[in-house]
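Let me begin by presenting the structure, written as structure tokens, before commenting on it.
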Amino acid sequence: MTLDKNQERIVTSDNLLTVSNFSVMYDVDPPVEAVRDVSLTLKRGEILGLAGESGCGKTTLAYGIQRLLKPPAVITQGSAIFHDKAGEDIDLNSLDEKQMRAFRWNKASMVFQGAMNALNPVVNIGKQLGDVFTTHRPELSRAERHEESARLLEIVGVGRDRLRAFPHELSGGMRQRVMIAMALALKPQLMIMDEPTTALDVLVQREILQQISDLRKEFGFSVIFITHDLPLLLEISDRIAVMRAGKVVEINTAEQIYHHAEHEYTRKLLASFPSLTGERGDFVRGTSSVETGA
Ligand SMILES: Nc1ncnc2c1ncn2[C@@H]1O[C@H](COP(=O)(O)OP(=O)(O)OP(=O)(O)O)[C@@H](O)[C@H]1O
């Protein structure tokens, strides 16, 4: 990867996140070992897809990394280390609640499935975006907040002219773009997206994903993208981690996963998507994919 001159000395590694031996249990009767001894790394600027059938632990892993899990979930072992671009290694386990909240907005943000429904229906979207800056960038003036919010709406393809729109005046796709704008507001280094476009129609979904892929090149953030839509992951991911029953059974580039899957379960998963196996099965990777050298 190329580094700009100022960063050259402080960025020590190409990895943004190192997850080691991470396990999560739901302490119910009988206990559910939802994530079992997962280790993986996320590179700077890459899109890592988390694939696997419903219930395999994708969401639990992502929430666990972000310390968003609530009881009965218990992290039973392992660590997640964030390699900040300022050169510091942050052990997410060591942060208290307040530090973790700041971390979540500033360094790593999250877009959930159905996030668009989380917008406040009686507050216009410009104000809702502006509130992110009021809370986390109190040094900005009102005019600067306004300009930043407008710029964000522009880059996610909503348009600055919608600043005063209320959520109900926007389509589902547009509202989801607003949520992505919020997640991008503080220029995080990591975005975790959990089925962020599942509720949207296929064309809108593809358009938004293409945009995310372009934006991460422009802004240099990494993405962990969760979905059970493997064909979609093959299109947009640089690498894919396949999960089964709480474990990562295979992790490799999208091309390798598609053409040379090593694990029998990965091959089975691929075969379960007719669009990948029939004559029309060749998936087309967008021009936006990057070579990670993984
Ligand atoms: N609050 C809970 N209490 C008990 N078990 C839970 C709880 N939440 C999740 N689980 C279990 O943990 C396992 C992993 O669930 P998780 O939601 O992480 O999977 P997933 O791969 O994200 O599935 P999906 O794609 O359906 O969201 C499943 O067996 C699920 O039933």
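Letters A, B, ... go to the chains of the structure tokens in the order shown; residues in each chain start at 1; ligands are counted from 1 in the same order.
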Step by step, measure atom-to-atom distances between ligand 1 and each residue using only C-alpha atoms and all ligand atoms, keep those at most 10 Å, then write them as an MDAnalysis selection string.
chainID A and resid 24:35 50:64 69:73 113 194:195 226:229 243:246
Neighbouring residues of Ser149 of chain A were defined as those with any atom within 7 Å, considering only C-alpha atoms; residues of the same chain fewer than 6 positions away were excluded. Please report them as a VMD selection string.
chain A and resid 126 129 to 130
Closest contacts (segment 167-283 of chain A/segment 119-122 of chain A, max 9 Å, only C-alpha atoms) as JSON lines:
{"residue": "A:Pro167", "atom": "CA", "partner": "A:Pro121", "partner_atom": "CA", "distance": 5.7}
{"residue": "A:His168", "atom": "CA", "partner": "A:Pro121", "partner_atom": "CA", "distance": 6.8}
{"residue": "A:Arg175", "atom": "CA", "partner": "A:Leu119", "partner_atom": "CA", "distance": 8.0}
{"residue": "A:Val178", "atom": "CA", "partner": "A:Leu119", "partner_atom": "CA", "distance": 8.9}
{"residue": "A:Met179", "atom": "CA", "partner": "A:Leu119", "partner_atom": "CA", "distance": 7.9}
Hey, what does DSSP flag as strand (DSSP E) within segment 57-272 of chain A? Can you give it to me as a VMD selection string?
chain A and resid 73 to 83 89 to 91 108 to 111 190 to 194 222 to 226 239 to 244 247 to 253
If you run DSSP on the backbone here, which positions in segment 107-224 of chain A get helix (DSSP H, G or I)? Please write them as an NGL selection string.
:A and (115-118 or 125-136 or 142-155 or 160-162 or 167-169 or 172-184 or 202-219)
All residues 12 Å or closer to Arg142 of chain A, only C-alpha atoms, same chain fewer than 4 positions away omitted, as a ChimeraX atom specification
/A:126-127,130-131,133-134,137-138,146-149
Tell me which protein, DNA and RNA residues are within 8 Å of segment 250-260 of chain A, counting only C-alpha atoms, leaving out same-chain ones fewer than 3 positions away, and put them as number ranges by chain.
A: 233-235, 237-243, 263, 266, 270, 294
Using C-alpha atoms, can you export the residues from the last selection as a short mmCIF file (atom, residue, chain, number, x, y, z; two decimals), in the first residue's frame?
data_model
loop_
_atom_site.label_atom_id
_atom_site.label_comp_id
_atom_site.auth_asym_id
_atom_site.auth_seq_id
_atom_site.Cartn_x
_atom_site.Cartn_y
_atom_site.Cartn_z
CA LEU A 233 -20.17 -10.89 -1.14
CA LEU A 234 -18.27 -12.42 -4.03
CA GLU A 235 -18.94 -9.28 -6.02
CA SER A 237 -15.47 -8.26 -1.09
CA ASP A 238 -11.73 -8.38 -1.36
CA ARG A 239 -11.61 -11.32 1.02
CA ILE A 240 -14.32 -13.51 2.49
CA ALA A 241 -14.43 -15.33 5.81
CA VAL A 242 -16.84 -18.25 5.79
CA MET A 243 -18.37 -19.03 9.17
CA HIS A 263 -13.37 -26.29 2.70
CA THR A 266 -17.66 -23.44 1.47
CA LEU A 270 -21.54 -21.93 -3.04
CA ALA A 294 -3.76 -11.56 0.48
#
Select, from A:Val248, A:Ala261, A:Ala150, A:Leu184, the residue with the minimum atom-to-atom distance to Phe22 of chain A, counting only C-alpha atoms.
A:Val248
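Using only C-alpha atoms, the smallest distance between any of A:Leu42, A:Met191, A:Ile75, A:Ile212 and Trp105 of chain A comes from A:Met191.
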Could you state the separation of atom CA of Gln128 of chain A and atom CA of Ala185 of chain A in Å, given to one decimal place?
11.4 Å
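With only C-alpha atoms as the atoms that count, the residue of A:Ser79, A:Gln189, A:Asn21, A:Gln205 with the shortest distance to Phe219 of chain A is A:Gln189.
Between Leu232 of chain A and the candidates A:Arg267, A:Val74, A:Leu276, A:Arg216, the tightest atom-to-atom separation, counting only C-alpha atoms, involves A:Leu276.
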